[in-house]
Each structure stands twice: as structure tokens, then as C-alpha cells.
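**Q** Got protein_14.cif for you, mmCIF, C-alpha atoms:
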```
data_my_file
#
loop_
_atom_site.label_atom_id
_atom_site.label_comp_id
_atom_site.auth_asym_id
_atom_site.auth_seq_id
_atom_site.Cartn_x
_atom_site.Cartn_y
_atom_site.Cartn_z
CA MET A 18 17.25 28.51 -5.67
CA ALA A 19 14.09 26.92 -4.31
CA LYS A 20 14.95 28.26 -0.88
CA LEU A 21 15.10 31.81 -2.26
CA ASN A 22 11.66 31.48 -3.81
CA GLN A 23 10.12 30.41 -0.52
CA GLU A 24 11.10 33.66 1.19
CA PRO A 25 8.44 36.38 0.93
CA SER A 26 9.38 39.35 -1.22
CA LEU A 27 8.38 42.60 0.44
CA ASP A 28 9.78 44.86 -2.27
CA ARG A 29 6.99 44.23 -4.74
CA PRO A 30 4.11 46.66 -5.23
CA ILE A 31 0.88 45.56 -3.63
CA PRO A 32 -2.02 44.61 -5.92
CA GLY A 33 -3.86 47.72 -7.06
CA GLN A 34 -1.03 50.08 -6.20
CA SER A 35 -0.89 51.29 -9.80
CA LEU A 36 -4.44 52.58 -9.42
CA THR A 37 -3.67 54.70 -6.36
CA SER A 38 -1.95 57.51 -8.23
CA GLU A 39 -3.97 60.24 -9.84
CA LEU A 40 -5.05 59.55 -13.40
CA GLY A 41 -2.67 61.32 -15.78
CA ALA A 42 0.09 61.62 -13.22
CA ARG A 43 2.21 59.00 -15.00
CA PRO A 44 3.94 59.91 -18.26
CA TRP A 45 2.32 57.04 -20.17
CA GLN A 46 -1.13 58.18 -19.10
CA SER A 47 -0.78 61.55 -20.80
CA PRO A 48 -0.80 62.12 -24.59
CA PRO A 49 2.50 61.05 -26.16
CA GLN A 50 5.12 63.47 -27.37
CA TYR A 51 5.15 61.88 -30.86
CA SER A 52 1.97 60.41 -32.21
CA THR A 53 2.87 59.11 -35.68
CA VAL A 54 5.32 56.42 -36.73
CA ASP A 55 7.29 58.84 -38.88
CA GLU A 56 7.84 61.16 -35.95
CA VAL A 57 8.88 58.24 -33.76
CA VAL A 58 11.34 56.97 -36.36
CA ASP A 59 12.81 60.46 -36.75
CA TYR A 60 13.15 60.68 -32.98
CA TYR A 61 15.10 57.42 -32.80
CA MET A 62 17.24 58.27 -35.79
CA GLU A 63 18.28 61.54 -34.22
CA ARG A 64 18.89 59.92 -30.86
CA MET A 65 20.95 57.06 -32.28
CA SER A 66 23.06 59.38 -34.36
CA ALA A 67 24.50 60.97 -31.25
CA GLU A 68 28.12 60.08 -30.58
CA ASP A 69 27.53 59.29 -26.90
CA PHE A 70 24.87 56.78 -27.80
CA MET A 71 27.13 55.06 -30.31
CA VAL A 72 29.99 54.69 -27.83
CA GLN A 73 27.72 53.24 -25.17
CA LEU A 74 26.02 50.96 -27.67
CA VAL A 75 29.30 49.48 -28.89
CA ASP A 76 30.31 48.75 -25.29
CA VAL A 77 27.02 47.03 -24.56
CA LEU A 78 27.06 45.01 -27.79
CA GLU A 79 30.61 43.88 -27.11
CA MET A 80 29.45 42.50 -23.76
CA GLY A 81 27.13 40.18 -25.66
CA VAL A 82 23.75 41.73 -24.99
CA PRO A 83 21.39 40.74 -27.85
CA VAL A 84 20.15 43.46 -30.18
CA THR A 85 16.56 42.33 -29.67
CA THR A 86 16.80 42.86 -25.92
CA LEU A 87 18.37 46.27 -26.41
CA ALA A 88 15.71 47.37 -28.89
CA ASN A 89 12.95 46.18 -26.57
CA THR A 90 14.45 48.06 -23.65
CA ILE A 91 14.94 51.28 -25.59
CA GLN A 92 11.42 51.18 -26.95
CA MET A 93 9.85 50.31 -23.60
CA SER A 94 11.69 53.06 -21.75
CA SER A 95 10.45 55.61 -24.28
CA VAL A 96 6.91 54.38 -23.76
CA MET A 97 7.32 54.72 -20.01
CA ASN A 98 8.65 58.27 -20.42
CA GLY A 99 5.67 59.24 -22.54
CA VAL A 100 7.64 59.82 -25.73
CA HIS A 101 5.36 57.63 -27.86
CA THR A 102 2.68 55.02 -27.50
CA LEU A 103 3.25 51.29 -27.36
CA ASP A 104 1.68 50.83 -30.81
CA THR A 105 3.98 53.24 -32.61
CA GLY A 106 6.90 51.81 -30.68
CA MET A 107 6.10 48.31 -31.89
CA LEU A 108 5.97 49.55 -35.46
CA ALA A 109 9.31 51.30 -35.06
CA LEU A 110 11.02 48.27 -33.45
CA PRO A 111 12.40 46.77 -36.70
CA ILE A 112 14.00 50.09 -37.62
CA ILE A 113 15.52 50.40 -34.15
CA MET A 114 16.99 46.91 -34.51
CA GLU A 115 18.28 47.58 -38.00
CA MET A 116 19.85 50.83 -36.86
CA LEU A 117 21.51 49.14 -33.86
CA MET A 118 22.93 46.47 -36.14
CA LEU A 119 24.12 49.13 -38.59
CA LEU A 120 25.98 50.87 -35.79
CA GLY A 121 27.48 47.54 -34.71
CA ASP A 122 28.56 46.74 -38.26
CA SER A 123 30.05 50.17 -38.82
CA ALA A 124 32.01 49.81 -35.57
CA GLY A 125 33.35 46.47 -36.83
CA ILE A 126 32.38 44.41 -33.80
CA LYS A 127 30.82 40.99 -33.49
CA TYR A 128 27.45 41.13 -31.81
CA ASN A 129 24.53 38.88 -30.98
CA ASN A 130 21.44 39.88 -32.93
CA GLY A 131 19.18 37.64 -30.83
CA LEU A 132 17.40 36.23 -33.87
CA ASP A 133 19.19 32.93 -34.32
CA ASN A 134 18.03 30.79 -31.42
CA PRO A 135 15.81 32.58 -28.94
CA ASN A 136 15.51 29.51 -26.69
CA GLU A 137 19.26 29.33 -26.21
CA ILE A 138 19.48 32.24 -23.78
CA LYS A 139 17.38 31.60 -20.71
CA THR A 140 19.36 33.35 -18.00
CA SER A 141 18.37 36.64 -16.47
CA ASN A 142 21.86 38.08 -16.78
CA PRO A 143 23.36 37.39 -20.22
CA THR A 144 26.21 39.85 -19.68
CA ARG A 145 27.67 37.88 -16.84
CA ASP A 146 27.30 34.63 -18.76
CA THR A 147 29.13 35.95 -21.80
CA LEU A 148 31.97 37.24 -19.67
CA LEU A 149 32.21 33.85 -18.00
CA THR A 150 32.15 32.22 -21.42
CA LYS A 151 35.02 34.41 -22.61
CA VAL A 152 37.10 33.47 -19.57
CA ALA A 153 36.19 29.82 -20.00
CA MET A 154 37.22 29.90 -23.67
CA GLN A 155 40.65 31.22 -22.69
CA TYR A 156 41.26 28.26 -20.42
CA LYS A 157 39.37 25.71 -22.46
CA GLY A 158 42.40 23.62 -23.35
CA LYS A 159 43.65 23.47 -19.79
CA LEU A 160 40.19 22.70 -18.46
CA ASP A 161 39.71 19.84 -20.92
CA GLU A 162 43.06 18.31 -19.98
CA ALA A 163 42.31 18.66 -16.28
CA ASP A 164 38.88 17.11 -16.70
CA PHE A 165 40.31 14.22 -18.70
CA GLU A 166 42.97 13.48 -16.08
CA ASP A 167 40.41 13.63 -13.30
CA THR A 168 38.03 11.28 -15.06
CA THR A 169 40.73 8.75 -15.88
CA ASP A 170 41.93 8.69 -12.27
CA ASP A 171 38.39 8.31 -10.96
CA THR A 172 37.63 5.35 -13.20
CA VAL A 173 40.77 3.51 -12.12
CA GLU A 174 40.00 4.11 -8.46
CA GLU A 175 36.41 2.99 -8.88
CA GLU A 176 37.49 -0.24 -10.54
CA GLU A 177 39.91 -0.94 -7.70
CA GLU A 178 37.26 -0.22 -5.10
CA ILE A 179 34.78 -2.57 -6.77
CA GLU A 180 37.22 -5.46 -6.69
CA GLU A 181 37.62 -5.31 -2.91
CA PRO A 182 34.97 -7.41 -1.07
CA THR A 183 33.60 -5.76 2.04
CA GLY A 184 31.19 -6.68 4.83
CA LEU A 185 30.79 -9.61 7.15
CA MET A 186 28.92 -11.81 4.69
CA ALA A 187 31.25 -11.15 1.77
CA ARG A 188 32.83 -14.13 0.08
CA ARG A 189 36.43 -14.72 1.11
CA ASN A 190 38.96 -16.14 -1.29
CA MET B 16 13.12 39.38 -19.66
CA SER B 17 12.11 36.11 -21.15
CA ASN B 18 13.24 35.30 -24.64
CA GLN B 19 10.50 32.77 -25.21
CA TYR B 20 8.42 35.40 -26.99
CA ASN B 21 10.60 38.28 -28.03
CA THR B 22 8.50 41.03 -29.56
CA ALA B 23 11.47 42.68 -31.23
CA ALA B 24 12.55 39.46 -32.90
CA MET B 25 9.02 38.71 -34.05
CA ALA B 26 8.54 42.21 -35.46
CA TYR B 27 11.90 42.08 -37.21
CA LYS B 28 11.26 38.68 -38.76
CA ALA B 29 7.82 39.78 -39.90
CA MET B 30 9.42 42.47 -42.07
CA ASP B 31 9.95 40.57 -45.30
CA LEU B 32 11.99 43.11 -47.20
CA ASP B 33 12.90 40.72 -50.00
CA SER B 34 9.30 40.42 -51.16
CA LEU B 35 8.64 44.15 -50.96
CA PRO B 36 7.77 45.50 -54.44
CA THR B 37 10.14 47.97 -56.00
CA ASP B 38 9.16 51.59 -55.89
CA THR B 39 10.45 52.61 -59.29
CA PRO B 40 7.55 53.67 -61.56
CA THR B 41 7.72 52.23 -65.06
CA PRO B 42 7.60 54.82 -67.84
CA GLU B 43 4.68 54.30 -70.17
CA GLY B 44 4.37 56.05 -73.53
CA GLY B 45 5.45 59.55 -74.45
CA LEU B 46 4.78 63.04 -73.23
CA LEU B 47 1.08 63.00 -73.96
CA SER B 48 0.40 59.63 -72.40
CA ARG B 49 -1.92 59.38 -69.47
CA LYS B 50 -0.15 59.68 -66.14
CA PHE B 51 -1.14 57.67 -63.11
CA GLY B 52 0.87 59.63 -60.59
CA THR B 53 3.64 58.26 -58.45
CA LYS B 54 1.58 55.50 -56.90
CA THR B 55 3.12 52.13 -57.68
CA LYS B 56 1.62 48.69 -57.74
CA GLY B 57 1.29 46.89 -54.43
CA LEU B 58 2.62 49.71 -52.25
CA ASP B 59 0.25 51.53 -49.99
CA ASN B 60 2.15 54.49 -48.65
CA ASN B 61 -0.62 55.27 -46.22
CA ASN B 62 0.29 52.09 -44.39
CA PRO B 63 2.88 52.94 -41.71
CA ALA B 64 4.38 49.47 -41.93
CA ILE B 65 5.19 50.09 -45.60
CA ARG B 66 6.92 53.34 -44.77
CA VAL B 67 8.89 51.60 -42.02
CA ALA B 68 9.84 48.84 -44.47
CA LYS B 69 11.08 51.42 -46.97
CA GLN B 70 13.32 53.06 -44.39
CA MET B 71 14.51 49.63 -43.30
CA GLN B 72 15.44 48.83 -46.89
CA ILE B 73 17.69 51.87 -47.01
CA ILE B 74 19.43 50.96 -43.75
CA ARG B 75 19.72 47.31 -44.82
CA LYS B 76 21.32 48.38 -48.09
CA HIS B 77 23.84 50.46 -46.20
CA ARG B 78 24.55 47.53 -43.88
CA ASN B 79 25.11 45.22 -46.82
CA GLU B 80 27.55 47.72 -48.29
CA ILE B 81 29.49 47.76 -45.02
CA ASN B 82 29.51 43.97 -44.78
CA GLY B 83 30.45 43.58 -48.44
CA LYS B 84 27.28 41.73 -49.40
CA ALA B 85 26.05 44.29 -51.92
#
```
If you convert what's in this file into C-alpha cells, what do you get?
**A**
Amino acid sequence: MAKLNQEPSLDRPIPGQSLTSELGARPWQSPPQYSTVDEVVDYYMERMSAEDFMVQLVDVLEMGVPVTTLANTIQMSSVMNGVHTLDTGMLALPIIMEMLMLLGDSAGIKYNNGLDNPNEIKTSNPTRDTLLTKVAMQYKGKLDEADFEDTTDDTVEEEEEIEEPTGLMARRN
Amino acid sequence: MSNQYNTAAMAYKAMDLDSLPTDTPTPEGGLLSRKFGTKTKGLDNNNPAIRVAKQMQIIRKHRNEINGKA
């Protein structure tokens, strides 16, 4: 991991690159499509009521992606597309989360709301971790037995190795 | 994305729906009594956060019905 960090990353934007484009060329630099919180909430309600969205959301929630992360991503992408401002998006965040959880509840799935212990998830790819956790849970019994057998064998071998005197200056019985 | 400071979680936890005053106006007097309009105590409908909280209450109620907590 430390070796990866030492390599220079050439894919990053250079400092000041965001200032090279013409002012107003980016979607978030132009006036937003919806300016009030009510309009933003209506926009999200309509968008989340679509059947395609619900199907995709259930799949993502089943993979273990927290609702907080999803809500943040949805809100941030709308800001980047110039749908609404960051301020109105922040105000609409609780409703987005509540709506996502409502869809999860109505689908009858277990999901991670991301509110319980925010320090627990520190990896950059929670999806992969949850899949690994599911696989690990399937083989948990076998893994525990295997670990126990390995540890017992190791301790016996270590004890035997300690009893043997080695070296030129070792005491001989 | 770091979860050390999650804006969504903070915004969601800041919405204290349990302490939100009820919006039902209390009837006072008869037909000729002075009317104060629909404005209720403690609720400022001009505040966008209050309007968001009201909509959240409706969704939360529906969620509780689904989960059998109502």
C-alpha cells in the first residue's frame, strides 16, 4: 500500500485546471434548474417514484451500500448537473434518505442506513467487503474449525521445538 | 468517500421529528370568535426546514406503518 502511494499519479487534474474553462461553461456555474426546496423535493419525489429507479435501488441496497452514501451521491450528482444548488440539496437530504429507506422497507429487504456507527466502515469499496462478508459467513463454521485445528497443532509443535537445545554452547544432558 | 463526517447522516440526525409541534389548530369558541388563521404555535412555515420536516413526518409515518411500528 505504501509502495502504491509513492508512485506519482499522472491522472489527477493540475492545480488551477478548474479555472481554465470559461465561466458558466460548467452546469454548476449556471443558474440551477430548481431554486427552491419545494421544487427540489418534488423533483426527487418524482424521480424516485419511477419503477426503474426502485429496481436499481433495491439491488444497490441489497449489496450493502449505506443509505447515507447513496443519498450523498444522488444529491451531489444533481448539483454537478446543475439541477439545484448545494444549499437546497443539503436541505433536501433528509427527505432523500427517508424516501430511500421507505423504498427499502416497502421492498422488504434488509439494508444499512449508515447511521448506526459511521466509524465502522472505513474502506473505499463497501460493496466488495459486504460480498466478502456474506461468503465468509457461509463458511464461518468450517473456518473456525480449521483455525482451531491449526492453532492447536502450532502450539504443540512450538512446545516441542522449545524443549530441544540447540547451538554449540547449549547445555547437554 | 470518508464516513468520518457524513453530511447526510448529520442532516438526518438533526431532523428531530419527535419534538416537532403538531400542526392541528385547536378550536377556540364558537362561530363569532376571533380567528387567528391557520398559523399554529411554534411552526414557521416560511422556514424551508420546517416544510421538509413536515414531509419527512408523512414519509416516516408511512414507513412505520410498513414496519408495523404505528
**Q** Please enumerate the residues selected by the PyMOL selection byres ((chain A) within 12 of (chain B)) when evaluated against the supplied file, formatted as number ranges by chain.
**A** A: 53-59, 62, 83-93, 103-127, 130-143
**Q** One decimal, in Å: what's the spacing between atom CA of Trp45 of chain A and atom CA of Leu74 of chain A?
**A**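 Spanning atom CA of Trp45 of chain A to atom CA of Leu74 of chain A is a straight-line distance of 25.6 Å.
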**Q** Could you please determine the separation between atom CA of Ile65 of chain B and atom CA of Tyr60 of chain A in Å, to one decimal place?
**A**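 Separating atom CA of Ile65 of chain B from atom CA of Tyr60 of chain A is a distance of 18.3 Å.
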**Q** Taking the point (4.9, 59.9, -21.2) as given in the file, collect each protein or nucleic acid residue that comes within 9 Å of it, counting all atoms listed in the file, and present the set as an NGL selection string.
**A** :A and (43-50 or 95-102)
**Q** Rounded to one decimal, what separation in Å do you get between atom CA of Leu58 of chain B and atom CA of Thr37 of chain B?
**A**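 Calculated distance between atom CA of Leu58 of chain B and atom CA of Thr37 of chain B is 8.6 Å.
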**Q** Extract segment 44-77 of chain A from the coordinates I pasted, and write it as a PDB file, in the first residue's frame (atoms kept: N, CA and C atoms).
**A**
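Output file decode.pdb is given in full below:
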```
ATOM      1  N   PRO A  44     -22.096  23.072 -15.653  1.00  0.00           N
ATOM      2  CA  PRO A  44     -23.518  23.144 -15.263  1.00  0.00           C
ATOM      3  C   PRO A  44     -23.741  23.815 -13.915  1.00  0.00           C
ATOM      4  N   TRP A  45     -22.793  23.592 -12.969  1.00  0.00           N
ATOM      5  CA  TRP A  45     -22.987  24.154 -11.629  1.00  0.00           C
ATOM      6  C   TRP A  45     -22.644  25.641 -11.562  1.00  0.00           C
ATOM      7  N   GLN A  46     -22.116  26.173 -12.653  1.00  0.00           N
ATOM      8  CA  GLN A  46     -21.815  27.604 -12.679  1.00  0.00           C
ATOM      9  C   GLN A  46     -22.956  28.422 -13.276  1.00  0.00           C
ATOM     10  N   SER A  47     -23.951  27.751 -13.804  1.00  0.00           N
ATOM     11  CA  SER A  47     -25.109  28.445 -14.359  1.00  0.00           C
ATOM     12  C   SER A  47     -26.256  28.381 -13.339  1.00  0.00           C
ATOM     13  N   PRO A  48     -27.282  29.206 -13.469  1.00  0.00           N
ATOM     14  CA  PRO A  48     -28.402  29.153 -12.526  1.00  0.00           C
ATOM     15  C   PRO A  48     -29.049  27.769 -12.494  1.00  0.00           C
ATOM     16  N   PRO A  49     -29.426  27.307 -11.300  1.00  0.00           N
ATOM     17  CA  PRO A  49     -29.962  25.942 -11.203  1.00  0.00           C
ATOM     18  C   PRO A  49     -31.347  25.817 -11.838  1.00  0.00           C
ATOM     19  N   GLN A  50     -31.673  24.581 -12.150  1.00  0.00           N
ATOM     20  CA  GLN A  50     -32.978  24.297 -12.753  1.00  0.00           C
ATOM     21  C   GLN A  50     -34.104  24.527 -11.739  1.00  0.00           C
ATOM     22  N   TYR A  51     -33.861  24.104 -10.488  1.00  0.00           N
ATOM     23  CA  TYR A  51     -34.851  24.311  -9.412  1.00  0.00           C
ATOM     24  C   TYR A  51     -34.196  25.141  -8.320  1.00  0.00           C
ATOM     25  N   SER A  52     -34.865  26.187  -7.922  1.00  0.00           N
ATOM     26  CA  SER A  52     -34.218  27.115  -6.993  1.00  0.00           C
ATOM     27  C   SER A  52     -34.749  27.014  -5.561  1.00  0.00           C
ATOM     28  N   THR A  53     -35.947  26.477  -5.382  1.00  0.00           N
ATOM     29  CA  THR A  53     -36.485  26.387  -4.016  1.00  0.00           C
ATOM     30  C   THR A  53     -36.455  24.936  -3.534  1.00  0.00           C
ATOM     31  N   VAL A  54     -36.549  24.800  -2.213  1.00  0.00           N
ATOM     32  CA  VAL A  54     -36.510  23.458  -1.611  1.00  0.00           C
ATOM     33  C   VAL A  54     -37.725  22.638  -2.036  1.00  0.00           C
ATOM     34  N   ASP A  55     -38.868  23.291  -2.123  1.00  0.00           N
ATOM     35  CA  ASP A  55     -40.085  22.563  -2.505  1.00  0.00           C
ATOM     36  C   ASP A  55     -39.964  21.976  -3.908  1.00  0.00           C
ATOM     37  N   GLU A  56     -39.397  22.770  -4.795  1.00  0.00           N
ATOM     38  CA  GLU A  56     -39.206  22.273  -6.162  1.00  0.00           C
ATOM     39  C   GLU A  56     -38.218  21.111  -6.182  1.00  0.00           C
ATOM     40  N   VAL A  57     -37.173  21.230  -5.375  1.00  0.00           N
ATOM     41  CA  VAL A  57     -36.162  20.162  -5.333  1.00  0.00           C
ATOM     42  C   VAL A  57     -36.766  18.879  -4.776  1.00  0.00           C
ATOM     43  N   VAL A  58     -37.560  19.025  -3.717  1.00  0.00           N
ATOM     44  CA  VAL A  58     -38.195  17.842  -3.115  1.00  0.00           C
ATOM     45  C   VAL A  58     -39.154  17.185  -4.119  1.00  0.00           C
ATOM     46  N   ASP A  59     -39.920  18.013  -4.817  1.00  0.00           N
ATOM     47  CA  ASP A  59     -40.834  17.470  -5.838  1.00  0.00           C
ATOM     48  C   ASP A  59     -40.063  16.737  -6.931  1.00  0.00           C
ATOM     49  N   TYR A  60     -38.914  17.308  -7.288  1.00  0.00           N
ATOM     50  CA  TYR A  60     -38.079  16.673  -8.328  1.00  0.00           C
ATOM     51  C   TYR A  60     -37.625  15.280  -7.881  1.00  0.00           C
ATOM     52  N   TYR A  61     -37.161  15.194  -6.634  1.00  0.00           N
ATOM     53  CA  TYR A  61     -36.678  13.894  -6.145  1.00  0.00           C
ATOM     54  C   TYR A  61     -37.822  12.907  -5.960  1.00  0.00           C
ATOM     55  N   MET A  62     -38.947  13.408  -5.517  1.00  0.00           N
ATOM     56  CA  MET A  62     -40.099  12.514  -5.325  1.00  0.00           C
ATOM     57  C   MET A  62     -40.521  11.886  -6.656  1.00  0.00           C
ATOM     58  N   GLU A  63     -40.564  12.715  -7.670  1.00  0.00           N
ATOM     59  CA  GLU A  63     -40.952  12.216  -8.986  1.00  0.00           C
ATOM     60  C   GLU A  63     -39.924  11.229  -9.526  1.00  0.00           C
ATOM     61  N   ARG A  64     -38.662  11.571  -9.295  1.00  0.00           N
ATOM     62  CA  ARG A  64     -37.583  10.716  -9.809  1.00  0.00           C
ATOM     63  C   ARG A  64     -37.548   9.368  -9.087  1.00  0.00           C
ATOM     64  N   MET A  65     -37.770   9.397  -7.778  1.00  0.00           N
ATOM     65  CA  MET A  65     -37.695   8.161  -7.002  1.00  0.00           C
ATOM     66  C   MET A  65     -38.938   7.300  -7.156  1.00  0.00           C
ATOM     67  N   SER A  66     -39.981   7.885  -7.670  1.00  0.00           N
ATOM     68  CA  SER A  66     -41.203   7.096  -7.874  1.00  0.00           C
ATOM     69  C   SER A  66     -41.147   6.263  -9.146  1.00  0.00           C
ATOM     70  N   ALA A  67     -40.146   6.490  -9.956  1.00  0.00           N
ATOM     71  CA  ALA A  67     -40.026   5.726 -11.203  1.00  0.00           C
ATOM     72  C   ALA A  67     -39.674   4.274 -10.892  1.00  0.00           C
ATOM     73  N   GLU A  68     -40.206   3.376 -11.674  1.00  0.00           N
ATOM     74  CA  GLU A  68     -40.010   1.949 -11.412  1.00  0.00           C
ATOM     75  C   GLU A  68     -38.546   1.531 -11.632  1.00  0.00           C
ATOM     76  N   ASP A  69     -37.912   2.105 -12.643  1.00  0.00           N
ATOM     77  CA  ASP A  69     -36.517   1.772 -12.920  1.00  0.00           C
ATOM     78  C   ASP A  69     -35.621   2.126 -11.738  1.00  0.00           C
ATOM     79  N   PHE A  70     -35.904   3.284 -11.175  1.00  0.00           N
ATOM     80  CA  PHE A  70     -35.107   3.723 -10.028  1.00  0.00           C
ATOM     81  C   PHE A  70     -35.262   2.766  -8.859  1.00  0.00           C
ATOM     82  N   MET A  71     -36.503   2.332  -8.621  1.00  0.00           N
ATOM     83  CA  MET A  71     -36.760   1.449  -7.484  1.00  0.00           C
ATOM     84  C   MET A  71     -36.037   0.111  -7.647  1.00  0.00           C
ATOM     85  N   VAL A  72     -36.060  -0.423  -8.851  1.00  0.00           N
ATOM     86  CA  VAL A  72     -35.400  -1.715  -9.094  1.00  0.00           C
ATOM     87  C   VAL A  72     -33.889  -1.592  -8.863  1.00  0.00           C
ATOM     88  N   GLN A  73     -33.314  -0.538  -9.400  1.00  0.00           N
ATOM     89  CA  GLN A  73     -31.875  -0.333  -9.229  1.00  0.00           C
ATOM     90  C   GLN A  73     -31.525  -0.080  -7.767  1.00  0.00           C
ATOM     91  N   LEU A  74     -32.386   0.676  -7.100  1.00  0.00           N
ATOM     92  CA  LEU A  74     -32.117   0.996  -5.695  1.00  0.00           C
ATOM     93  C   LEU A  74     -32.124  -0.260  -4.828  1.00  0.00           C
ATOM     94  N   VAL A  75     -33.085  -1.124  -5.057  1.00  0.00           N
ATOM     95  CA  VAL A  75     -33.169  -2.355  -4.261  1.00  0.00           C
ATOM     96  C   VAL A  75     -31.912  -3.203  -4.471  1.00  0.00           C
ATOM     97  N   ASP A  76     -31.441  -3.271  -5.708  1.00  0.00           N
ATOM     98  CA  ASP A  76     -30.214  -4.027  -5.984  1.00  0.00           C
ATOM     99  C   ASP A  76     -29.021  -3.439  -5.226  1.00  0.00           C
ATOM    100  N   VAL A  77     -28.920  -2.135  -5.256  1.00  0.00           N
ATOM    101  CA  VAL A  77     -27.779  -1.479  -4.602  1.00  0.00           C
ATOM    102  C   VAL A  77     -27.866  -1.637  -3.084  1.00  0.00           C
TER     103      VAL A  77
END
```
